[in-house]
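Data from input-v7.cif: mmCIF, C-alpha atoms and all ligand atoms
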data_target
loop_
_atom_site.label_atom_id
_atom_site.label_comp_id
_atom_site.auth_asym_id
_atom_site.auth_seq_id
_atom_site.Cartn_x
_atom_site.Cartn_y
_atom_site.Cartn_z
CA MET A 751 -24.10 9.93 -18.45
CA PRO A 752 -21.42 8.09 -20.55
CA GLU A 753 -17.91 7.73 -19.08
CA LYS A 754 -15.41 10.21 -20.46
CA ILE A 755 -11.66 9.79 -20.59
CA ILE A 756 -9.83 12.97 -19.70
CA PRO A 757 -6.05 13.25 -19.88
CA LEU A 758 -4.51 15.20 -16.99
CA ALA A 759 -2.95 18.54 -17.78
CA ASP A 760 0.52 17.08 -17.23
CA LEU A 761 -0.51 13.94 -19.13
CA ARG A 762 0.59 11.84 -16.19
CA TYR A 763 -2.42 9.54 -16.07
CA ALA A 764 -5.71 9.46 -17.88
CA SER A 765 -8.75 9.27 -15.67
CA ARG A 766 -12.47 8.70 -15.95
CA VAL A 767 -15.14 10.96 -14.55
CA PRO A 768 -17.46 8.52 -12.79
CA HIS A 769 -20.94 7.80 -14.02
CA ILE A 770 -23.73 8.79 -11.62
CA PRO A 771 -26.45 6.11 -11.75
CA GLU A 772 -30.02 7.34 -12.09
CA ARG A 773 -31.20 5.30 -9.10
CA LEU A 774 -29.35 6.35 -5.96
CA ASN A 775 -29.55 3.12 -3.96
CA ALA A 776 -28.65 3.47 -0.28
CA PRO A 777 -25.50 1.57 0.73
CA VAL A 778 -26.10 -1.77 2.47
CA GLY A 779 -22.58 -2.37 3.84
CA LEU A 780 -21.67 -4.93 1.19
CA LEU A 781 -20.62 -4.51 -2.42
CA GLY A 782 -19.49 -7.28 -4.75
CA ASP A 783 -17.43 -6.81 -7.92
CA THR A 784 -17.89 -8.92 -11.06
CA LEU A 785 -15.92 -11.74 -9.40
CA GLY A 786 -17.90 -11.54 -6.17
CA ARG A 787 -15.10 -9.82 -4.23
CA PRO A 788 -16.29 -7.46 -1.47
CA LEU A 789 -14.79 -4.02 -0.82
CA ARG A 790 -13.15 -4.15 2.61
CA ASP A 791 -9.80 -2.39 2.54
CA LEU A 792 -9.14 1.21 1.47
CA ARG A 793 -5.58 2.47 1.03
CA ILE A 794 -5.29 6.22 0.96
CA SER A 795 -2.21 7.93 -0.42
CA VAL A 796 -1.76 11.25 1.40
CA THR A 797 1.28 12.47 -0.54
CA ASP A 798 3.18 11.48 -3.68
CA ARG A 799 6.43 12.78 -2.18
CA CYS A 800 9.06 10.81 -0.30
CA ASN A 801 12.40 11.49 1.35
CA PHE A 802 13.74 8.08 0.20
CA ARG A 803 14.53 6.94 -3.33
CA CYS A 804 14.18 3.15 -3.08
CA SER A 805 15.16 1.96 -6.55
CA TYR A 806 12.20 -0.46 -6.80
CA CYS A 807 9.73 2.37 -6.14
CA MET A 808 11.07 5.88 -6.85
CA PRO A 809 14.35 5.49 -8.75
CA SER A 810 16.42 8.66 -8.34
CA GLU A 811 17.07 8.93 -12.10
CA VAL A 812 13.33 9.53 -12.60
CA PHE A 813 12.23 11.11 -9.33
CA ASN A 814 14.84 13.86 -9.43
CA LYS A 815 14.72 17.64 -9.07
CA ASP A 816 12.97 17.96 -12.43
CA TYR A 817 10.16 15.57 -11.54
CA ALA A 818 6.79 17.32 -11.29
CA PHE A 819 5.21 16.23 -8.04
CA LEU A 820 1.58 17.18 -7.53
CA PRO A 821 0.92 20.77 -6.48
CA GLN A 822 -0.67 21.33 -3.06
CA THR A 823 -4.03 22.33 -4.61
CA SER A 824 -4.33 18.94 -6.31
CA LEU A 825 -4.18 17.03 -3.05
CA LEU A 826 -7.37 15.97 -1.35
CA SER A 827 -7.91 17.94 1.84
CA PHE A 828 -8.46 16.05 5.11
CA GLU A 829 -12.15 16.97 4.91
CA GLU A 830 -12.39 15.54 1.38
CA ILE A 831 -10.59 12.34 2.41
CA THR A 832 -12.88 11.90 5.41
CA ARG A 833 -15.99 12.52 3.33
CA LEU A 834 -14.95 9.79 0.90
CA ALA A 835 -13.86 7.46 3.70
CA ARG A 836 -17.31 7.74 5.28
CA ILE A 837 -18.90 6.76 1.96
CA PHE A 838 -16.55 3.79 1.57
CA VAL A 839 -17.20 2.60 5.12
CA ALA A 840 -20.94 2.59 4.43
CA HIS A 841 -20.15 0.23 1.51
CA GLY A 842 -18.28 -2.23 3.75
CA VAL A 843 -14.73 -0.90 4.18
CA GLU A 844 -13.44 -2.00 7.59
CA LYS A 845 -9.78 -1.17 7.28
CA ILE A 846 -8.05 2.05 6.23
CA ARG A 847 -4.34 2.23 5.55
CA LEU A 848 -2.65 5.63 5.14
CA THR A 849 0.24 5.47 2.74
CA GLY A 850 2.04 7.38 0.00
CA GLY A 851 4.82 8.39 -0.91
CA GLU A 852 5.91 8.83 2.67
CA PRO A 853 2.74 9.56 4.67
CA LEU A 854 4.59 11.14 7.59
CA LEU A 855 5.70 13.95 5.25
CA ARG A 856 2.07 15.15 5.06
CA LYS A 857 1.73 18.00 7.55
CA HIS A 858 -0.57 17.46 10.55
CA LEU A 859 -1.33 13.87 9.57
CA GLU A 860 -2.49 13.21 13.13
CA VAL A 861 -5.44 15.54 12.46
CA LEU A 862 -6.57 13.26 9.62
CA VAL A 863 -6.09 10.20 11.83
CA GLU A 864 -8.30 11.80 14.46
CA MET A 865 -11.02 12.53 11.89
CA LEU A 866 -10.93 8.97 10.50
CA ALA A 867 -10.87 7.39 13.95
CA LYS A 868 -14.33 8.84 14.60
CA LEU A 869 -15.88 6.81 11.75
CA GLN A 870 -17.71 3.57 12.53
CA THR A 871 -18.79 0.57 10.47
CA PRO A 872 -22.54 0.11 9.83
CA GLU A 873 -22.49 -2.34 12.77
CA GLY A 874 -21.12 0.42 15.01
CA LYS A 875 -17.60 -1.01 15.25
CA PRO A 876 -14.47 1.19 15.08
CA LEU A 877 -12.37 1.02 11.93
CA ASP A 878 -8.99 -0.66 11.80
CA ILE A 879 -6.71 2.31 11.02
CA THR A 880 -3.09 1.78 10.17
CA LEU A 881 -0.22 3.43 8.32
CA THR A 882 2.73 2.27 6.22
CA THR A 883 5.92 4.27 6.69
CA ASN A 884 9.65 4.20 6.05
CA ALA A 885 9.91 5.23 9.75
CA SER A 886 12.40 8.03 9.12
CA LEU A 887 10.12 10.40 11.09
CA LEU A 888 8.42 7.82 13.27
CA ALA A 889 10.38 8.42 16.48
CA LYS A 890 9.19 12.02 16.39
CA LYS A 891 5.57 11.34 15.44
CA ALA A 892 4.62 8.01 17.06
CA GLN A 893 3.13 9.46 20.25
CA SER A 894 0.93 12.09 18.55
CA LEU A 895 -0.31 9.49 16.03
CA LYS A 896 -1.17 7.08 18.83
CA ASP A 897 -2.96 9.85 20.75
CA ALA A 898 -4.96 10.68 17.61
CA GLY A 899 -6.29 7.11 17.39
CA LEU A 900 -3.85 5.26 15.13
CA GLN A 901 -3.80 1.62 16.19
CA ARG A 902 -0.66 0.22 14.62
CA VAL A 903 1.99 0.80 11.94
CA THR A 904 3.74 -1.14 9.23
CA VAL A 905 7.39 -0.18 8.78
CA SER A 906 9.31 -0.79 5.56
CA LEU A 907 12.88 -1.87 6.22
CA ASP A 908 15.02 -3.56 3.58
CA GLY A 909 18.05 -4.61 5.63
CA LEU A 910 19.98 -4.19 8.86
CA ASP A 911 23.45 -3.74 7.43
CA ASP A 912 23.91 0.03 7.31
CA ALA A 913 25.69 0.04 3.94
CA VAL A 914 23.04 -2.19 2.31
CA PHE A 915 20.23 -0.10 3.81
CA ARG A 916 21.74 3.20 2.67
CA ARG A 917 22.10 1.75 -0.83
CA MET A 918 18.47 0.58 -0.84
CA ASN A 919 17.06 3.95 0.25
CA ASP A 920 19.53 5.77 -2.03
CA VAL A 921 19.57 8.91 0.14
CA ASP A 922 22.19 7.67 2.61
CA PHE A 923 19.67 7.33 5.44
CA PRO A 924 21.10 5.41 8.44
CA VAL A 925 19.38 2.22 9.57
CA ALA A 926 19.82 3.16 13.25
CA ASP A 927 17.21 5.92 12.91
CA VAL A 928 14.63 3.49 11.51
CA LEU A 929 15.30 1.02 14.33
CA LYS A 930 14.84 3.87 16.80
CA GLY A 931 11.48 4.71 15.16
CA ILE A 932 10.35 1.09 15.55
CA GLU A 933 11.40 1.09 19.20
CA VAL A 934 9.48 4.29 19.98
CA ALA A 935 6.39 3.05 18.10
CA GLN A 936 6.46 -0.13 20.17
CA LYS A 937 6.87 1.83 23.37
CA VAL A 938 3.82 4.02 22.71
CA GLY A 939 1.72 0.95 21.85
CA LEU A 940 1.37 1.19 18.06
CA ALA A 941 1.31 -2.59 17.99
CA PRO A 942 1.55 -5.21 16.69
CA ILE A 943 4.12 -3.68 14.34
CA LYS A 944 4.65 -5.30 10.97
CA ILE A 945 8.02 -4.94 9.27
CA ASN A 946 7.99 -5.20 5.46
CA MET A 947 11.17 -6.11 3.60
CA VAL A 948 11.17 -6.02 -0.21
CA VAL A 949 13.66 -8.64 -1.36
CA LYS A 950 15.73 -7.98 -4.48
CA ARG A 951 17.88 -10.93 -5.42
CA GLY A 952 21.56 -9.96 -5.47
CA THR A 953 20.90 -6.61 -3.74
CA ASN A 954 19.57 -7.31 -0.23
CA ASP A 955 18.79 -11.04 -0.04
CA SER A 956 21.88 -11.40 2.17
CA GLU A 957 19.81 -9.53 4.79
CA ILE A 958 17.03 -12.13 5.07
CA LEU A 959 18.62 -14.14 7.87
CA PRO A 960 19.98 -11.14 9.84
CA MET A 961 16.49 -9.60 9.71
CA ALA A 962 14.87 -12.85 10.85
CA ARG A 963 17.37 -13.17 13.70
CA TYR A 964 16.94 -9.54 14.81
CA PHE A 965 13.13 -9.53 14.88
CA ARG A 966 12.64 -12.96 16.52
CA HIS A 967 11.27 -12.55 20.05
CA SER A 968 10.51 -8.85 19.36
CA GLY A 969 6.72 -9.10 19.14
CA THR A 970 6.84 -7.66 15.59
CA VAL A 971 5.80 -9.59 12.49
CA LEU A 972 8.46 -9.59 9.77
CA ARG A 973 7.15 -10.01 6.23
CA PHE A 974 9.14 -10.57 3.06
CA ILE A 975 7.69 -9.07 -0.12
CA GLU A 976 8.52 -10.24 -3.61
CA TYR A 977 9.86 -7.43 -5.78
CA MET A 978 6.96 -6.47 -8.06
CA ASP A 979 6.70 -5.05 -11.57
CA VAL A 980 4.57 -2.20 -10.33
CA GLY A 981 4.76 1.21 -12.04
CA ALA A 982 6.75 1.86 -15.19
CA THR A 983 10.07 3.20 -13.95
CA ASN A 984 11.83 0.60 -11.79
CA GLY A 985 13.30 -1.52 -14.60
CA TRP A 986 11.81 -4.72 -13.10
CA ARG A 987 13.35 -8.03 -14.18
CA MET A 988 12.17 -11.48 -13.14
CA ASP A 989 15.73 -12.59 -12.33
CA GLU A 990 15.79 -10.03 -9.51
CA VAL A 991 12.74 -11.62 -7.88
CA LEU A 992 13.58 -14.10 -5.13
CA PRO A 993 10.55 -16.40 -4.85
CA SER A 994 9.07 -16.43 -1.33
CA ALA A 995 9.42 -20.22 -1.21
CA GLN A 996 13.20 -19.71 -1.22
CA VAL A 997 12.98 -17.08 1.53
CA ILE A 998 11.09 -19.56 3.71
CA GLU A 999 13.60 -22.34 2.88
CA ARG A 1000 16.52 -20.15 3.96
CA ILE A 1001 14.91 -19.21 7.26
CA HIS A 1002 13.61 -22.73 7.92
CA ALA A 1003 17.15 -24.14 7.55
CA GLU A 1004 18.28 -22.06 10.52
CA PHE A 1005 15.06 -21.56 12.48
CA PRO A 1006 12.44 -24.29 11.80
CA LEU A 1007 9.06 -22.89 10.74
CA GLU A 1008 5.49 -24.17 10.79
CA VAL A 1009 2.75 -22.84 8.53
CA ILE A 1010 -0.25 -21.11 10.15
CA ASP A 1011 -3.69 -20.15 8.85
CA ALA A 1012 -4.61 -16.73 7.44
CA ASN A 1013 -6.17 -14.27 9.91
CA TYR A 1014 -8.97 -13.41 7.50
CA LEU A 1015 -10.12 -13.93 3.91
CA GLY A 1016 -8.14 -11.69 1.55
CA GLU A 1017 -5.02 -11.49 3.74
CA THR A 1018 -2.09 -10.89 1.42
CA ALA A 1019 0.58 -12.61 3.51
CA GLN A 1020 1.09 -16.32 4.02
CA ARG A 1021 1.96 -16.81 7.66
CA TRP A 1022 4.54 -19.01 9.39
CA ARG A 1023 5.62 -19.33 13.03
CA TYR A 1024 8.92 -20.28 14.55
CA ALA A 1025 8.67 -23.80 15.97
CA ASP A 1026 10.51 -22.62 19.09
CA GLY A 1027 7.86 -19.97 19.85
CA ALA A 1028 9.96 -16.94 18.85
CA GLY A 1029 7.11 -15.31 16.90
CA GLU A 1030 5.79 -15.08 13.39
CA VAL A 1031 6.99 -14.28 9.86
CA GLY A 1032 5.06 -13.86 6.62
CA VAL A 1033 5.64 -13.77 2.90
CA ILE A 1034 3.78 -11.76 0.29
CA SER A 1035 4.20 -13.60 -3.00
CA SER A 1036 2.57 -11.21 -5.42
CA VAL A 1037 4.70 -12.47 -8.31
CA THR A 1038 4.98 -16.24 -7.82
CA GLN A 1039 1.57 -16.86 -6.23
CA ALA A 1040 -1.06 -14.41 -7.35
CA PHE A 1041 -3.82 -13.72 -4.82
CA CYS A 1042 -6.30 -11.73 -6.90
CA GLY A 1043 -9.13 -14.17 -6.11
CA ASP A 1044 -9.71 -12.61 -2.69
CA CYS A 1045 -8.51 -9.07 -3.45
CA ASN A 1046 -10.78 -6.70 -1.55
CA ARG A 1047 -8.55 -3.60 -1.79
CA ALA A 1048 -9.23 -0.21 -3.37
CA ARG A 1049 -6.70 2.60 -3.56
CA LEU A 1050 -7.35 6.32 -3.43
CA SER A 1051 -4.57 8.37 -5.01
CA THR A 1052 -3.18 11.57 -3.54
CA GLU A 1053 -5.41 13.63 -5.83
CA GLY A 1054 -8.55 11.60 -5.30
CA LYS A 1055 -8.57 9.04 -8.10
CA LEU A 1056 -9.89 5.63 -7.23
CA PHE A 1057 -7.80 2.69 -8.49
CA LEU A 1058 -9.13 -0.84 -8.41
CA CYS A 1059 -5.78 -2.60 -8.82
CA LEU A 1060 -2.16 -1.85 -8.01
CA PHE A 1061 -1.37 -2.38 -11.68
CA ALA A 1062 -4.12 -0.24 -13.13
CA SER A 1063 -3.36 2.44 -15.69
CA GLN A 1064 -6.53 4.45 -15.13
CA GLY A 1065 -8.29 5.81 -12.08
CA HIS A 1066 -11.80 7.08 -11.46
CA ASP A 1067 -11.81 10.77 -10.65
CA LEU A 1068 -13.73 11.05 -7.39
CA ARG A 1069 -12.23 14.48 -6.75
CA ALA A 1070 -14.19 15.80 -9.74
CA LEU A 1071 -17.34 14.75 -7.89
CA LEU A 1072 -16.15 16.10 -4.52
CA ARG A 1073 -15.37 19.47 -6.05
CA GLY A 1074 -18.45 19.45 -8.30
CA ASP A 1075 -21.96 19.96 -7.10
CA TYR A 1076 -22.66 16.35 -6.12
CA SER A 1077 -24.36 15.01 -3.01
CA ASP A 1078 -23.04 12.22 -0.80
CA ALA A 1079 -25.82 9.98 -2.18
CA GLN A 1080 -24.61 10.60 -5.74
CA ILE A 1081 -20.94 9.99 -4.90
CA SER A 1082 -21.92 6.87 -2.98
CA ALA A 1083 -23.92 5.48 -5.91
CA ALA A 1084 -21.09 6.31 -8.33
CA THR A 1085 -18.59 4.51 -6.09
CA ALA A 1086 -20.81 1.44 -5.89
CA HIS A 1087 -21.16 1.44 -9.67
CA ILE A 1088 -17.36 1.53 -10.10
CA TRP A 1089 -16.71 -1.35 -7.68
CA GLN A 1090 -19.54 -3.47 -9.06
CA ALA A 1091 -18.01 -3.23 -12.54
CA ARG A 1092 -14.51 -4.23 -11.32
CA THR A 1093 -12.82 -7.04 -13.27
CA ASP A 1094 -9.13 -6.48 -12.33
CA ARG A 1095 -6.91 -9.50 -11.64
CA TYR A 1096 -3.58 -8.42 -13.02
CA SER A 1097 -1.25 -10.75 -11.11
CA GLU A 1098 -3.25 -13.83 -12.06
CA GLN A 1099 -3.20 -12.81 -15.71
CA ARG A 1100 0.54 -12.10 -15.63
CA ALA A 1101 1.16 -15.47 -13.93
CA ALA A 1102 -0.43 -17.15 -16.93
CA LEU A 1103 2.21 -15.61 -19.24
CA PRO A 1104 5.71 -17.07 -19.76
CA ALA A 1105 8.10 -16.37 -16.85
CA ASP A 1106 10.00 -13.08 -17.02
CA THR A 1107 7.07 -11.30 -18.64
CA SER A 1108 5.60 -8.11 -17.34
CA MET A 1109 2.17 -7.43 -18.88
CA PRO A 1110 2.78 -6.12 -22.36
CA ASP A 1111 -0.16 -3.79 -22.85
CA SER A 1112 -0.04 -1.20 -20.10
CA GLY A 1113 3.59 -1.16 -18.94
CA SER A 1114 4.46 2.35 -19.97
CA LYS A 1115 1.26 3.82 -18.55
CA ARG A 1116 0.91 1.98 -15.27
CA VAL A 1117 0.64 4.25 -12.24
CA GLU A 1118 3.54 4.54 -9.83
CA MET A 1119 3.17 3.03 -6.37
CA SER A 1120 4.24 6.30 -4.77
CA TYR A 1121 1.17 7.92 -6.38
CA ILE A 1122 -1.53 5.38 -5.51
CA GLY A 1123 0.07 4.01 -2.38
CA GLY A 1124 1.31 0.51 -1.56
N1 LIG A 1201 6.86 5.20 2.05
C1 LIG A 1201 6.13 4.24 2.79
C2 LIG A 1201 6.91 2.98 2.96
O1 LIG A 1201 7.87 2.77 2.24
O2 LIG A 1201 6.52 2.21 3.83
C3 LIG A 1201 4.75 3.92 2.23
C4 LIG A 1201 4.59 3.84 0.74
S1 LIG A 1201 5.43 2.48 -0.04
C5 LIG A 1201 4.98 2.72 -1.73
C6 LIG A 1201 4.45 1.11 0.48
C7 LIG A 1201 5.09 -0.25 0.36
O3 LIG A 1201 5.28 -0.56 -1.00
C8 LIG A 1201 6.45 -0.37 1.01
O4 LIG A 1201 6.43 -1.43 1.95
C9 LIG A 1201 7.36 -0.70 -0.14
O5 LIG A 1201 8.42 -1.50 0.25
C10 LIG A 1201 6.43 -1.36 -1.11
N2 LIG A 1201 6.91 -1.34 -2.51
C11 LIG A 1201 7.18 -0.26 -3.28
N3 LIG A 1201 7.60 -0.63 -4.51
C12 LIG A 1201 7.59 -1.99 -4.52
C13 LIG A 1201 7.90 -2.98 -5.49
N4 LIG A 1201 8.34 -2.65 -6.72
N5 LIG A 1201 7.75 -4.28 -5.16
C14 LIG A 1201 7.31 -4.63 -3.92
N6 LIG A 1201 6.98 -3.76 -2.97
C15 LIG A 1201 7.12 -2.44 -3.25
FE1 LIG A 1202 9.54 6.13 -0.48
FE2 LIG A 1202 8.23 4.06 0.47
FE3 LIG A 1202 8.70 4.25 -2.14
FE4 LIG A 1202 10.75 3.80 -0.54
S1 LIG A 1202 8.99 2.42 -0.87
S2 LIG A 1202 10.70 5.32 -2.18
S3 LIG A 1202 10.16 4.88 1.28
S4 LIG A 1202 7.43 5.57 -0.97
FE1 LIG A 1203 -5.51 -7.09 -6.27
FE2 LIG A 1203 -4.63 -6.20 -8.61
FE3 LIG A 1203 -2.90 -7.17 -6.81
FE4 LIG A 1203 -4.59 -8.83 -8.10
S1 LIG A 1203 -2.94 -7.64 -9.01
S2 LIG A 1203 -4.13 -8.84 -5.90
S3 LIG A 1203 -6.40 -7.50 -8.29
S4 LIG A 1203 -4.17 -5.33 -6.58
#

Produce structure tokens that represent the structure in this file.
Amino acid sequence: MPEKIIPLADLRYASRVPHIPERLNAPVGLLGDTLGRPLRDLRISVTDRCNFRCSYCMPSEVFNKDYAFLPQTSLLSFEEITRLARIFVAHGVEKIRLTGGEPLLRKHLEVLVEMLAKLQTPEGKPLDITLTTNASLLAKKAQSLKDAGLQRVTVSLDGLDDAVFRRMNDVDFPVADVLKGIEVAQKVGLAPIKINMVVKRGTNDSEILPMARYFRHSGTVLRFIEYMDVGATNGWRMDEVLPSAQVIERIHAEFPLEVIDANYLGETAQRWRYADGAGEVGVISSVTQAFCGDCNRARLSTEGKLFLCLFASQGHDLRALLRGDYSDAQISAATAHIWQARTDRYSEQRAALPADTSMPDSGSKRVEMSYIGG
């Protein structure tokens, strides 16, 4: 069956209906793409909605009251997500991250966590299940998520100064409530907690040292993320990117750091520890140091499209298979076929262009991070 390109009714993103191979090979727990990269990490977006309007992700001028978020019927149900997750796990996925939009806005998320927590790798090991959240609802939900089988959380927090934080989230949300969410999550054992700070030069880089100071000795791992040219709405400019090397320099000047090895192949963060034993920090240098070579991540959008790269402009419509008359064996073979044909290495290609360049070809069509999940 040849691949077809079908524009969505709202013309948001084109998508492909996956090809079902004639031979339905059974999964063997390992799939390689065209560059030999295995499929290990699945990020599942459970909603495209969010109660924040971080300007680097969902700028309020675009994501306003006229913006057409996906209708409820478009979303994958928990049963559909779990069915796909089981298929991905059989192909080698070991880690599942729930994301969005803001995943804690999805009603009864703990039910999904409970369903996913029952899955096992082909070797019979439990999955590593985690969630990325802005923590606005975490204080309320941490205990039920933990009880459902969630192991840990990553919290996004872009500063400690209340005025800076309210400006970053653009909905006047107070930083104290996020800190409370982190505290409760720690108390119920959703650990180790990672804290992600997106750094925008001139907007919140003054918060780097206060954040480092605050989270030393806390048992959390603070990670600084370079502001990326993801999506097509955030007005990205290279001069607003603060290279991670400068973040490390600033921290090292006050609190000496030593580099440490990656935990595993494909880890996105480069890790450092405080020489005085106060814990660990990391940097994710997606702009200045591309790490496509080990990229083992796939993303499932809120409505069931599979994206092979954060910067892709087209997904593969697995929901069409889920809601069509296809067996697990057919969906599994189609998924393998998609991954095995993967060539994506956007950040490396962009790095080869002159500085200050976002990729010219797909900019206006690239999917938003709130839709495919970070
Ligand atoms: N709402 C949740 C949150 O903020 O944690 C989960 C979804 S959010 C899209 C996932 C991650 O993407 C967050 O850590 C966020 O900071 C990051 N992110 C979004 N847009 C970004 C950009 N332009 N550059 C770098 N990181 C970005
Ligand atoms: Fe919402 Fe997360 Fe995007 Fe901020 S980064 S707008 S919290 S989805
Ligand atoms: Fe992976 Fe695409 Fe990011 Fe490269 S640019 S690391 S391929 S998601």

Notebook entry, point to check: atom CA of Ser1051 of chain A and atom CA of Asn1013 of chain A are how many Å apart?
Noted result: 27.2 Å

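Candidate residues A:Arg916, A:Arg1092, A:His858, A:Arg787 were compared for distance to ligand LIG 1202 (chain A), and the nearest is A:Arg916, using all atoms listed in the file.
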
Taking only C-alpha atoms and all ligand atoms into account, which residues are within 6 Å of ligand LIG 1201 (chain A), as a PDB file with C-alpha atoms, in the frame of the given file?
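The resulting result-v4.pdb:
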ATOM      1  CA  TYR A 806      12.200  -0.460  -6.800  1.00  0.00           C
ATOM      2  CA  CYS A 807       9.730   2.370  -6.140  1.00  0.00           C
ATOM      3  CA  THR A 849       0.240   5.470   2.740  1.00  0.00           C
ATOM      4  CA  GLY A 850       2.040   7.380   0.000  1.00  0.00           C
ATOM      5  CA  GLY A 851       4.820   8.390  -0.910  1.00  0.00           C
ATOM      6  CA  GLU A 852       5.910   8.830   2.670  1.00  0.00           C
ATOM      7  CA  THR A 882       2.730   2.270   6.220  1.00  0.00           C
ATOM      8  CA  THR A 883       5.920   4.270   6.690  1.00  0.00           C
ATOM      9  CA  ASN A 884       9.650   4.200   6.050  1.00  0.00           C
ATOM     10  CA  VAL A 905       7.390  -0.180   8.780  1.00  0.00           C
ATOM     11  CA  SER A 906       9.310  -0.790   5.560  1.00  0.00           C
ATOM     12  CA  ASN A 946       7.990  -5.200   5.460  1.00  0.00           C
ATOM     13  CA  VAL A 948      11.170  -6.020  -0.210  1.00  0.00           C
ATOM     14  CA  ILE A 975       7.690  -9.070  -0.120  1.00  0.00           C
ATOM     15  CA  GLU A 976       8.520 -10.240  -3.610  1.00  0.00           C
ATOM     16  CA  TYR A 977       9.860  -7.430  -5.780  1.00  0.00           C
ATOM     17  CA  MET A 978       6.960  -6.470  -8.060  1.00  0.00           C
ATOM     18  CA  ASP A 979       6.700  -5.050 -11.570  1.00  0.00           C
ATOM     19  CA  VAL A 980       4.570  -2.200 -10.330  1.00  0.00           C
ATOM     20  CA  MET A1119       3.170   3.030  -6.370  1.00  0.00           C
ATOM     21  CA  SER A1120       4.240   6.300  -4.770  1.00  0.00           C
ATOM     22  CA  GLY A1123       0.070   4.010  -2.380  1.00  0.00           C
ATOM     23  CA  GLY A1124       1.310   0.510  -1.560  1.00  0.00           C
TER      24      GLY A1124
END

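Using all atoms listed in the file, the residues found no farther than 9 Å from Ile1081 of chain A, other than those of its own chain fewer than 4 positions away, are Pro768, Ile770, Leu834, Ile837, Leu1068, Leu1071, Leu1072, Tyr1076, Ser1077, Thr1085 and Ala1086 of chain A.
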
Margin query: Excluding Phe813 of chain A and its own-chain neighbours fewer than 2 positions away, which residues fall within 12 Å of it when counting all atoms listed in the file? Please give them as a VMD selection string.
Written below: chain A and resid 798 to 811 815 to 819 851 920 983 to 984 1118 1120 to 1121

Check: Do you know which residues are within 7 Å of ligand LIG 1203 (chain A) using only C-alpha atoms and all ligand atoms? Can you write them as a PyMOL selection string?
Finding: chain A and resi 1036+1040-1042+1045+1047+1058-1061+1094-1098

Next item on the list: Would you mind reading off the distance between atom CA of Val971 of chain A and atom CA of Ile943 of chain A, one decimal, in Å?
Entry: 6.4 Å

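Closest approach to Val949 of chain A among A:Ile879, A:Gln870, A:Val1037, A:Ile1010 is made by A:Val1037 (distances from only C-alpha atoms).
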
Margin query: When you look at Lys890 of chain A with a cut-off of 9 Å (counting all atoms listed in the file), what residues show up, excluding the ones that are within fewer than 3 positions of it in the same chain? I need them as a PyMOL selection string.
Written below: chain A and resi 886-887+893-894+931+934
